[in-house]
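S.K.: Supplied in structure tokens, the structure appears directly below.
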Amino acid sequence: MLSSVLAVIFIAYVLQCIFSWFQLRRIYGKIDEVRRLHKGENCHLVTGSGRQKFLVMRKGVFMILIINFDGIIADYYDMEGYTVFSTPQRDTRYIGLTLDEMENKLTKKNQLAALRSAREQLGYLCEANALALAH
């Protein structure tokens, strides 16, 4: 009895690992596609993820943002879902907005957490660019 329960748990764990690997391949493939699409433009590609801790059955959010040097969102993709079967989808509602305007339109905590994560990454990129230009 115990060995069959452990076998089921092990199989579920292995399947979760496999499906997660496929999901990561989809995410990184979409990031590469977006990077190629906007190559040569004056913009930053940033990503953000948000998920509420300690709450297992809540949607996770992953964002891919292309932000031009004027602070305007040039392109936006998000992935939101409960399972590893989610895929990144383009969303045009936020294109043309600033990050502050986008933040005002977001309503869910996990979306706001993903946006904060992306803003943090953008801050690091801007600092690195400023340092590179100073030298």
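Naming works like this for the structure tokens: A, B, ... for the chains as they're shown, residue 1 at the start of each chain, ligands 1 onward in shown order.
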Would you mind writing down, as a list in words, each residue of region 19-130 of chain A that DSSP on the backbone assigns to strand (DSSP E)?
M.R.: Cys43, His44, Leu45, Val46, Thr47, Gly48, Ser49, Gly50, Gly60, Val61, Phe62, Met63, Ile64, Leu65, Ile66, Ile67, Asn68, Ile73, Ala74, Asp75, Tyr76, Tyr77, Asp78, Met79, Glu80, Gly81, Gln89 and Arg90 of chain A
S.K.: Taking the DSSP secondary structure from the backbone, can you list the residues of chain A that are alpha helix (DSSP H), as a JSON list (two decimals) with N, CA, C and O atoms, in the first residue's frame?
M.R.:
```json
[["chain", "number", "residue", "atom", "x", "y", "z"],
["A", 2, "LEU", "N", 1.80, 1.34, 0.94],
["A", 2, "LEU", "CA", 2.66, 2.52, 1.03],
["A", 2, "LEU", "C", 3.55, 2.64, -0.20],
["A", 2, "LEU", "O", 3.76, 3.75, -0.72],
["A", 3, "SER", "N", 4.03, 1.52, -0.70],
["A", 3, "SER", "CA", 4.90, 1.57, -1.87],
["A", 3, "SER", "C", 4.14, 2.04, -3.11],
["A", 3, "SER", "O", 4.70, 2.76, -3.95],
["A", 4, "SER", "N", 2.87, 1.67, -3.24],
["A", 4, "SER", "CA", 2.10, 2.13, -4.40],
["A", 4, "SER", "C", 1.79, 3.63, -4.29],
["A", 4, "SER", "O", 1.79, 4.34, -5.30],
["A", 5, "VAL", "N", 1.56, 4.14, -3.09],
["A", 5, "VAL", "CA", 1.34, 5.57, -2.89],
["A", 5, "VAL", "C", 2.62, 6.34, -3.23],
["A", 5, "VAL", "O", 2.58, 7.37, -3.91],
["A", 6, "LEU", "N", 3.74, 5.83, -2.77],
["A", 6, "LEU", "CA", 5.02, 6.48, -3.07],
["A", 6, "LEU", "C", 5.32, 6.44, -4.57],
["A", 6, "LEU", "O", 5.86, 7.41, -5.13],
["A", 7, "ALA", "N", 4.95, 5.36, -5.23],
["A", 7, "ALA", "CA", 5.16, 5.26, -6.68],
["A", 7, "ALA", "C", 4.31, 6.30, -7.41],
["A", 7, "ALA", "O", 4.79, 6.95, -8.35],
["A", 8, "VAL", "N", 3.07, 6.48, -7.00],
["A", 8, "VAL", "CA", 2.20, 7.48, -7.62],
["A", 8, "VAL", "C", 2.75, 8.88, -7.40],
["A", 8, "VAL", "O", 2.78, 9.72, -8.32],
["A", 9, "ILE", "N", 3.20, 9.17, -6.19],
["A", 9, "ILE", "CA", 3.79, 10.49, -5.89],
["A", 9, "ILE", "C", 5.04, 10.70, -6.74],
["A", 9, "ILE", "O", 5.24, 11.79, -7.29],
["A", 10, "PHE", "N", 5.87, 9.69, -6.86],
["A", 10, "PHE", "CA", 7.09, 9.83, -7.67],
["A", 10, "PHE", "C", 6.75, 10.08, -9.14],
["A", 10, "PHE", "O", 7.35, 10.95, -9.78],
["A", 11, "ILE", "N", 5.78, 9.35, -9.67],
["A", 11, "ILE", "CA", 5.38, 9.54, -11.08],
["A", 11, "ILE", "C", 4.81, 10.94, -11.29],
["A", 11, "ILE", "O", 5.12, 11.61, -12.28],
["A", 12, "ALA", "N", 4.00, 11.42, -10.34],
["A", 12, "ALA", "CA", 3.44, 12.76, -10.44],
["A", 12, "ALA", "C", 4.55, 13.81, -10.41],
["A", 12, "ALA", "O", 4.52, 14.79, -11.16],
["A", 13, "TYR", "N", 5.55, 13.59, -9.57],
["A", 13, "TYR", "CA", 6.69, 14.51, -9.49],
["A", 13, "TYR", "C", 7.47, 14.53, -10.81],
["A", 13, "TYR", "O", 7.82, 15.61, -11.31],
["A", 14, "VAL", "N", 7.73, 13.39, -11.38],
["A", 14, "VAL", "CA", 8.47, 13.31, -12.64],
["A", 14, "VAL", "C", 7.67, 13.99, -13.77],
["A", 14, "VAL", "O", 8.23, 14.76, -14.56],
["A", 15, "LEU", "N", 6.36, 13.74, -13.82],
["A", 15, "LEU", "CA", 5.53, 14.40, -14.83],
["A", 15, "LEU", "C", 5.53, 15.91, -14.66],
["A", 15, "LEU", "O", 5.59, 16.66, -15.64],
["A", 16, "GLN", "N", 5.47, 16.38, -13.42],
["A", 16, "GLN", "CA", 5.52, 17.82, -13.15],
["A", 16, "GLN", "C", 6.84, 18.41, -13.65],
["A", 16, "GLN", "O", 6.85, 19.48, -14.26],
["A", 17, "CYS", "N", 7.93, 17.72, -13.43],
["A", 17, "CYS", "CA", 9.24, 18.19, -13.90],
["A", 17, "CYS", "C", 9.27, 18.26, -15.42],
["A", 17, "CYS", "O", 9.77, 19.24, -16.00],
["A", 18, "ILE", "N", 8.76, 17.26, -16.07],
["A", 18, "ILE", "CA", 8.75, 17.23, -17.54],
["A", 18, "ILE", "C", 7.89, 18.35, -18.10],
["A", 18, "ILE", "O", 8.31, 19.10, -18.99],
["A", 19, "PHE", "N", 6.67, 18.50, -17.57],
["A", 19, "PHE", "CA", 5.78, 19.56, -18.06],
["A", 19, "PHE", "C", 6.35, 20.95, -17.76],
["A", 19, "PHE", "O", 6.20, 21.87, -18.56],
["A", 20, "SER", "N", 7.00, 21.12, -16.62],
["A", 20, "SER", "CA", 7.63, 22.40, -16.30],
["A", 20, "SER", "C", 8.75, 22.71, -17.29],
["A", 20, "SER", "O", 8.93, 23.86, -17.69],
["A", 21, "TRP", "N", 9.51, 21.69, -17.67],
["A", 21, "TRP", "CA", 10.58, 21.89, -18.64],
["A", 21, "TRP", "C", 10.01, 22.37, -19.98],
["A", 21, "TRP", "O", 10.53, 23.29, -20.59],
["A", 22, "PHE", "N", 8.90, 21.76, -20.42],
["A", 22, "PHE", "CA", 8.26, 22.21, -21.66],
["A", 22, "PHE", "C", 7.73, 23.64, -21.54],
["A", 22, "PHE", "O", 7.84, 24.43, -22.48],
["A", 23, "GLN", "N", 7.19, 23.98, -20.38],
["A", 23, "GLN", "CA", 6.71, 25.35, -20.19],
["A", 23, "GLN", "C", 7.86, 26.35, -20.24],
["A", 23, "GLN", "O", 7.74, 27.41, -20.86],
["A", 24, "LEU", "N", 8.97, 26.03, -19.62],
["A", 24, "LEU", "CA", 10.13, 26.92, -19.67],
["A", 24, "LEU", "C", 10.64, 27.07, -21.09],
["A", 24, "LEU", "O", 11.06, 28.16, -21.50],
["A", 25, "ARG", "N", 10.61, 26.01, -21.87],
["A", 25, "ARG", "CA", 11.01, 26.11, -23.27],
["A", 25, "ARG", "C", 10.09, 27.06, -24.03],
["A", 25, "ARG", "O", 10.54, 27.84, -24.87],
["A", 26, "ARG", "N", 8.77, 27.00, -23.76],
["A", 26, "ARG", "CA", 7.83, 27.93, -24.41],
["A", 26, "ARG", "C", 8.12, 29.36, -23.99],
["A", 26, "ARG", "O", 8.10, 30.27, -24.83],
["A", 27, "ILE", "N", 8.40, 29.58, -22.71],
["A", 27, "ILE", "CA", 8.68, 30.94, -22.23],
["A", 27, "ILE", "C", 9.95, 31.48, -22.87],
["A", 27, "ILE", "O", 9.95, 32.59, -23.42],
["A", 28, "TYR", "N", 11.03, 30.73, -22.81],
["A", 28, "TYR", "CA", 12.29, 31.21, -23.38],
["A", 28, "TYR", "C", 12.21, 31.34, -24.89],
["A", 28, "TYR", "O", 12.83, 32.23, -25.47],
["A", 29, "GLY", "N", 11.44, 30.49, -25.54],
["A", 29, "GLY", "CA", 11.22, 30.63, -26.98],
["A", 29, "GLY", "C", 10.51, 31.92, -27.31],
["A", 29, "GLY", "O", 10.86, 32.62, -28.27],
["A", 30, "LYS", "N", 9.49, 32.27, -26.51],
["A", 30, "LYS", "CA", 8.76, 33.52, -26.73],
["A", 30, "LYS", "C", 9.66, 34.72, -26.45],
["A", 30, "LYS", "O", 9.62, 35.72, -27.18],
["A", 31, "ILE", "N", 10.49, 34.65, -25.42],
["A", 31, "ILE", "CA", 11.42, 35.75, -25.13],
["A", 31, "ILE", "C", 12.38, 35.94, -26.30],
["A", 31, "ILE", "O", 12.62, 37.07, -26.73],
["A", 32, "ASP", "N", 12.92, 34.86, -26.84],
["A", 32, "ASP", "CA", 13.81, 34.97, -27.99],
["A", 32, "ASP", "C", 13.09, 35.54, -29.20],
["A", 32, "ASP", "O", 13.64, 36.37, -29.94],
["A", 33, "GLU", "N", 11.85, 35.11, -29.42],
["A", 33, "GLU", "CA", 11.06, 35.62, -30.55],
["A", 33, "GLU", "C", 10.82, 37.13, -30.41],
["A", 33, "GLU", "O", 10.99, 37.88, -31.38],
["A", 34, "VAL", "N", 10.45, 37.57, -29.22],
["A", 34, "VAL", "CA", 10.20, 38.99, -28.98],
["A", 34, "VAL", "C", 11.50, 39.79, -29.11],
["A", 34, "VAL", "O", 11.51, 40.88, -29.67],
["A", 35, "ARG", "N", 12.59, 39.23, -28.61],
["A", 35, "ARG", "CA", 13.89, 39.90, -28.72],
["A", 35, "ARG", "C", 14.27, 40.09, -30.19],
["A", 35, "ARG", "O", 14.71, 41.16, -30.59],
["A", 36, "ARG", "N", 14.07, 39.06, -31.02],
["A", 36, "ARG", "CA", 14.38, 39.18, -32.45],
["A", 36, "ARG", "C", 13.45, 40.18, -33.13],
["A", 36, "ARG", "O", 13.87, 40.94, -34.00],
["A", 37, "LEU", "N", 12.19, 40.18, -32.74],
["A", 37, "LEU", "CA", 11.20, 41.08, -33.33],
["A", 37, "LEU", "C", 11.55, 42.55, -33.09],
["A", 37, "LEU", "O", 11.33, 43.40, -33.96],
["A", 99, "LEU", "N", 4.41, 52.60, -17.46],
["A", 99, "LEU", "CA", 4.28, 51.58, -16.42],
["A", 99, "LEU", "C", 3.32, 52.04, -15.32],
["A", 99, "LEU", "O", 2.58, 51.24, -14.76],
["A", 100, "ASP", "N", 3.32, 53.34, -15.00],
["A", 100, "ASP", "CA", 2.39, 53.86, -13.99],
["A", 100, "ASP", "C", 0.94, 53.71, -14.46],
["A", 100, "ASP", "O", 0.06, 53.33, -13.68],
["A", 101, "GLU", "N", 0.68, 54.02, -15.73],
["A", 101, "GLU", "CA", -0.67, 53.87, -16.26],
["A", 101, "GLU", "C", -1.09, 52.40, -16.27],
["A", 101, "GLU", "O", -2.24, 52.07, -15.96],
["A", 102, "MET", "N", -0.16, 51.52, -16.60],
["A", 102, "MET", "CA", -0.46, 50.10, -16.60],
["A", 102, "MET", "C", -0.78, 49.63, -15.17],
["A", 102, "MET", "O", -1.73, 48.88, -14.95],
["A", 103, "GLU", "N", 0.01, 50.11, -14.22],
["A", 103, "GLU", "CA", -0.20, 49.71, -12.83],
["A", 103, "GLU", "C", -1.59, 50.12, -12.35],
["A", 103, "GLU", "O", -2.24, 49.39, -11.60],
["A", 104, "ASN", "N", -2.05, 51.27, -12.78],
["A", 104, "ASN", "CA", -3.39, 51.73, -12.39],
["A", 104, "ASN", "C", -4.49, 50.87, -12.98],
["A", 104, "ASN", "O", -5.58, 50.79, -12.43],
["A", 105, "LYS", "N", -4.23, 50.22, -14.12],
["A", 105, "LYS", "CA", -5.24, 49.37, -14.76],
["A", 105, "LYS", "C", -5.25, 47.95, -14.20],
["A", 105, "LYS", "O", -6.24, 47.24, -14.36],
["A", 109, "LYS", "N", -3.41, 41.06, -7.34],
["A", 109, "LYS", "CA", -2.16, 41.17, -6.59],
["A", 109, "LYS", "C", -1.00, 40.51, -7.32],
["A", 109, "LYS", "O", 0.11, 41.03, -7.33],
["A", 110, "ASN", "N", -1.26, 39.35, -7.94],
["A", 110, "ASN", "CA", -0.16, 38.65, -8.62],
["A", 110, "ASN", "C", 0.28, 39.41, -9.87],
["A", 110, "ASN", "O", 1.45, 39.39, -10.23],
["A", 111, "GLN", "N", -0.63, 40.12, -10.54],
["A", 111, "GLN", "CA", -0.25, 40.96, -11.68],
["A", 111, "GLN", "C", 0.61, 42.13, -11.21],
["A", 111, "GLN", "O", 1.61, 42.48, -11.85],
["A", 112, "LEU", "N", 0.21, 42.75, -10.10],
["A", 112, "LEU", "CA", 0.99, 43.87, -9.56],
["A", 112, "LEU", "C", 2.37, 43.41, -9.11],
["A", 112, "LEU", "O", 3.36, 44.12, -9.30],
["A", 113, "ALA", "N", 2.45, 42.21, -8.54],
["A", 113, "ALA", "CA", 3.75, 41.67, -8.12],
["A", 113, "ALA", "C", 4.64, 41.42, -9.33],
["A", 113, "ALA", "O", 5.84, 41.71, -9.30],
["A", 114, "ALA", "N", 4.07, 40.93, -10.43],
["A", 114, "ALA", "CA", 4.85, 40.70, -11.65],
["A", 114, "ALA", "C", 5.33, 42.03, -12.22],
["A", 114, "ALA", "O", 6.48, 42.14, -12.67],
["A", 115, "LEU", "N", 4.48, 43.05, -12.20],
["A", 115, "LEU", "CA", 4.89, 44.36, -12.70],
["A", 115, "LEU", "C", 5.99, 44.95, -11.83],
["A", 115, "LEU", "O", 6.95, 45.54, -12.36],
["A", 116, "ARG", "N", 5.90, 44.79, -10.51],
["A", 116, "ARG", "CA", 6.97, 45.28, -9.62],
["A", 116, "ARG", "C", 8.29, 44.58, -9.93],
["A", 116, "ARG", "O", 9.35, 45.20, -9.93],
["A", 117, "SER", "N", 8.21, 43.29, -10.19],
["A", 117, "SER", "CA", 9.40, 42.52, -10.54],
["A", 117, "SER", "C", 10.02, 43.04, -11.84],
["A", 117, "SER", "O", 11.24, 43.19, -11.95],
["A", 118, "ALA", "N", 9.18, 43.33, -12.83],
["A", 118, "ALA", "CA", 9.68, 43.86, -14.11],
["A", 118, "ALA", "C", 10.27, 45.26, -13.92],
["A", 118, "ALA", "O", 11.30, 45.60, -14.52],
["A", 119, "ARG", "N", 9.63, 46.10, -13.09],
["A", 119, "ARG", "CA", 10.16, 47.44, -12.82],
["A", 119, "ARG", "C", 11.54, 47.38, -12.17],
["A", 119, "ARG", "O", 12.41, 48.17, -12.49],
["A", 120, "GLU", "N", 11.70, 46.44, -11.25],
["A", 120, "GLU", "CA", 12.98, 46.27, -10.59],
["A", 120, "GLU", "C", 14.06, 45.91, -11.61],
["A", 120, "GLU", "O", 15.15, 46.45, -11.59],
["A", 121, "GLN", "N", 13.72, 45.00, -12.50],
["A", 121, "GLN", "CA", 14.68, 44.61, -13.54],
["A", 121, "GLN", "C", 14.99, 45.79, -14.45],
["A", 121, "GLN", "O", 16.14, 46.00, -14.83],
["A", 122, "LEU", "N", 13.98, 46.58, -14.80],
["A", 122, "LEU", "CA", 14.20, 47.76, -15.64],
["A", 122, "LEU", "C", 15.11, 48.75, -14.94],
["A", 122, "LEU", "O", 15.97, 49.36, -15.57],
["A", 123, "GLY", "N", 14.94, 48.92, -13.63],
["A", 123, "GLY", "CA", 15.81, 49.81, -12.87],
["A", 123, "GLY", "C", 17.26, 49.39, -12.95],
["A", 123, "GLY", "O", 18.16, 50.22, -13.12],
["A", 124, "TYR", "N", 17.51, 48.09, -12.85],
["A", 124, "TYR", "CA", 18.88, 47.58, -12.96],
["A", 124, "TYR", "C", 19.45, 47.86, -14.35],
["A", 124, "TYR", "O", 20.62, 48.23, -14.50],
["A", 125, "LEU", "N", 18.63, 47.67, -15.38],
["A", 125, "LEU", "CA", 19.09, 47.92, -16.75],
["A", 125, "LEU", "C", 19.42, 49.40, -16.97],
["A", 125, "LEU", "O", 20.42, 49.73, -17.59],
["A", 126, "CYS", "N", 18.58, 50.27, -16.45],
["A", 126, "CYS", "CA", 18.81, 51.70, -16.61],
["A", 126, "CYS", "C", 20.06, 52.14, -15.86],
["A", 126, "CYS", "O", 20.83, 52.97, -16.37],
["A", 127, "GLU", "N", 20.28, 51.59, -14.65],
["A", 127, "GLU", "CA", 21.50, 51.90, -13.91],
["A", 127, "GLU", "C", 22.74, 51.43, -14.68],
["A", 127, "GLU", "O", 23.74, 52.15, -14.76],
["A", 128, "ALA", "N", 22.67, 50.24, -15.25],
["A", 128, "ALA", "CA", 23.81, 49.71, -16.00],
["A", 128, "ALA", "C", 24.09, 50.57, -17.23],
["A", 128, "ALA", "O", 25.24, 50.85, -17.56],
["A", 129, "ASN", "N", 23.03, 51.01, -17.92],
["A", 129, "ASN", "CA", 23.22, 51.88, -19.08],
["A", 129, "ASN", "C", 23.83, 53.21, -18.68],
["A", 129, "ASN", "O", 24.69, 53.75, -19.37],
["A", 130, "ALA", "N", 23.38, 53.77, -17.57],
["A", 130, "ALA", "CA", 23.92, 55.05, -17.10],
["A", 130, "ALA", "C", 25.40, 54.92, -16.75],
["A", 130, "ALA", "O", 26.21, 55.80, -17.07],
["A", 131, "LEU", "N", 25.75, 53.81, -16.10],
["A", 131, "LEU", "CA", 27.16, 53.60, -15.76],
["A", 131, "LEU", "C", 28.00, 53.40, -17.02],
["A", 131, "LEU", "O", 29.14, 53.88, -17.10],
["A", 132, "ALA", "N", 27.47, 52.69, -18.00],
["A", 132, "ALA", "CA", 28.22, 52.46, -19.24],
["A", 132, "ALA", "C", 28.43, 53.77, -20.00],
["A", 132, "ALA", "O", 29.49, 53.99, -20.59],
["A", 133, "LEU", "N", 27.44, 54.62, -19.99],
["A", 133, "LEU", "CA", 27.56, 55.91, -20.69],
["A", 133, "LEU", "C", 28.50, 56.86, -19.95],
["A", 133, "LEU", "O", 29.13, 57.71, -20.57],
["A", 134, "ALA", "N", 28.61, 56.72, -18.63],
["A", 134, "ALA", "CA", 29.47, 57.60, -17.84],
["A", 134, "ALA", "C", 30.95, 57.29, -18.08],
["A", 134, "ALA", "O", 31.80, 58.16, -17.91]]
```
S.K.: Excluding same-chain residues fewer than 6 positions from Leu65 (chain A), what lies within 9 Å of it counting only C-alpha atoms, as a CSV table (one decimal) with all heavy atoms, in the first residue's frame?
M.R.:
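That gives us part_33.csv:
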```
chain,number,residue,atom,x,y,z
A,44,HIS,N,14.1,48.3,-24.0
A,44,HIS,CA,14.5,47.2,-23.1
A,44,HIS,C,13.5,46.1,-23.0
A,44,HIS,O,12.3,46.4,-23.1
A,44,HIS,CB,14.6,47.8,-21.6
A,44,HIS,CG,15.7,48.8,-21.4
A,44,HIS,ND1,17.0,48.6,-21.5
A,44,HIS,CD2,15.6,50.2,-21.1
A,44,HIS,CE1,17.7,49.7,-21.3
A,44,HIS,NE2,16.8,50.7,-21.0
A,45,LEU,N,14.0,44.9,-22.9
A,45,LEU,CA,13.1,43.8,-22.7
A,45,LEU,C,13.3,43.4,-21.3
A,45,LEU,O,14.4,43.1,-20.8
A,45,LEU,CB,13.5,42.6,-23.6
A,45,LEU,CG,12.6,41.3,-23.5
A,45,LEU,CD1,12.6,40.7,-24.9
A,45,LEU,CD2,13.0,40.4,-22.5
A,46,VAL,N,12.2,43.4,-20.5
A,46,VAL,CA,12.2,43.0,-19.1
A,46,VAL,C,11.1,41.9,-18.9
A,46,VAL,O,10.1,41.9,-19.6
A,46,VAL,CB,12.0,44.2,-18.2
A,46,VAL,CG1,13.1,45.1,-18.2
A,46,VAL,CG2,10.7,44.9,-18.5
A,47,THR,N,11.3,41.1,-17.9
A,47,THR,CA,10.3,40.1,-17.5
A,47,THR,C,10.0,40.3,-16.1
A,47,THR,O,10.8,40.8,-15.3
A,47,THR,CB,10.8,38.7,-17.8
A,47,THR,OG1,12.0,38.5,-17.0
A,47,THR,CG2,11.2,38.5,-19.2
A,48,GLY,N,8.8,39.8,-15.7
A,48,GLY,CA,8.4,39.8,-14.3
A,48,GLY,C,7.5,38.7,-14.0
A,48,GLY,O,6.7,38.2,-14.9
A,73,ILE,N,5.4,51.4,-23.1
A,73,ILE,CA,5.3,50.0,-23.4
A,73,ILE,C,5.1,49.8,-24.9
A,73,ILE,O,4.1,50.2,-25.4
A,73,ILE,CB,4.2,49.3,-22.6
A,73,ILE,CG1,4.5,49.4,-21.1
A,73,ILE,CG2,4.1,47.8,-23.0
A,73,ILE,CD1,3.3,49.0,-20.2
A,74,ALA,N,6.1,49.2,-25.5
A,74,ALA,CA,6.0,49.0,-27.0
A,74,ALA,C,5.4,47.7,-27.4
A,74,ALA,O,4.9,47.5,-28.4
A,74,ALA,CB,7.4,49.1,-27.6
A,75,ASP,N,5.5,46.7,-26.5
A,75,ASP,CA,5.0,45.4,-26.7
A,75,ASP,C,4.8,44.7,-25.4
A,75,ASP,O,5.6,44.9,-24.4
A,75,ASP,CB,5.9,44.5,-27.6
A,75,ASP,CG,5.1,43.5,-28.5
A,75,ASP,OD1,3.9,43.4,-28.2
A,75,ASP,OD2,5.7,42.9,-29.4
A,76,TYR,N,3.8,43.8,-25.3
A,76,TYR,CA,3.5,43.2,-24.0
A,76,TYR,C,2.9,41.7,-24.2
A,76,TYR,O,2.1,41.5,-25.1
A,76,TYR,CB,2.4,44.0,-23.3
A,76,TYR,CG,2.0,43.4,-22.0
A,76,TYR,CD1,2.7,43.4,-20.8
A,76,TYR,CD2,0.7,42.7,-21.9
A,76,TYR,CE1,2.3,42.8,-19.7
A,76,TYR,CE2,0.3,42.2,-20.8
A,76,TYR,CZ,1.0,42.2,-19.6
A,76,TYR,OH,0.6,41.6,-18.5
A,77,TYR,N,3.5,40.8,-23.5
A,77,TYR,CA,3.0,39.4,-23.5
A,77,TYR,C,2.8,39.0,-22.1
A,77,TYR,O,3.6,39.4,-21.2
A,77,TYR,CB,4.0,38.5,-24.2
A,77,TYR,CG,4.2,38.7,-25.6
A,77,TYR,CD1,5.0,39.8,-26.1
A,77,TYR,CD2,3.5,38.0,-26.6
A,77,TYR,CE1,5.2,40.0,-27.5
A,77,TYR,CE2,3.7,38.2,-27.9
A,77,TYR,CZ,4.5,39.2,-28.4
A,77,TYR,OH,4.7,39.5,-29.7
A,78,ASP,N,1.8,38.2,-21.8
A,78,ASP,CA,1.7,37.7,-20.5
A,78,ASP,C,1.2,36.2,-20.5
A,78,ASP,O,0.7,35.7,-21.5
A,78,ASP,CB,0.7,38.5,-19.6
A,78,ASP,CG,-0.7,38.4,-20.0
A,78,ASP,OD1,-1.0,37.8,-21.1
A,78,ASP,OD2,-1.6,38.8,-19.2
A,118,ALA,N,9.2,43.3,-12.8
A,118,ALA,CA,9.7,43.9,-14.1
A,118,ALA,C,10.3,45.3,-13.9
A,118,ALA,O,11.3,45.6,-14.5
A,118,ALA,CB,8.5,43.9,-15.1
```
S.K.: In Å to one decimal, how far is CA of Val61 (chain A) from CA of Val84 (chain A)?
M.R.: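 If I compute the distance from CA of Val84 (chain A) to CA of Val61 (chain A), I get 11.6 Å.
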S.K.: Calculated over only C-alpha atoms, which of the candidates A:Thr98, A:Thr107, A:Met79, A:Gly50 has the smallest distance to Ile67 (chain A)?
M.R.: A:Thr98
S.K.: Calculate how many Å separate CA of Phe69 (chain A) from CA of Arg51 (chain A), rounding to one decimal.
M.R.: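 Pair CA of Phe69 (chain A) / CA of Arg51 (chain A) returns 28.1 Å.
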S.K.: What gap, in Å, lies between CA of Lys59 (chain A) and CA of Tyr82 (chain A)?
M.R.: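 Distance between the two atoms: 4.7 Å.
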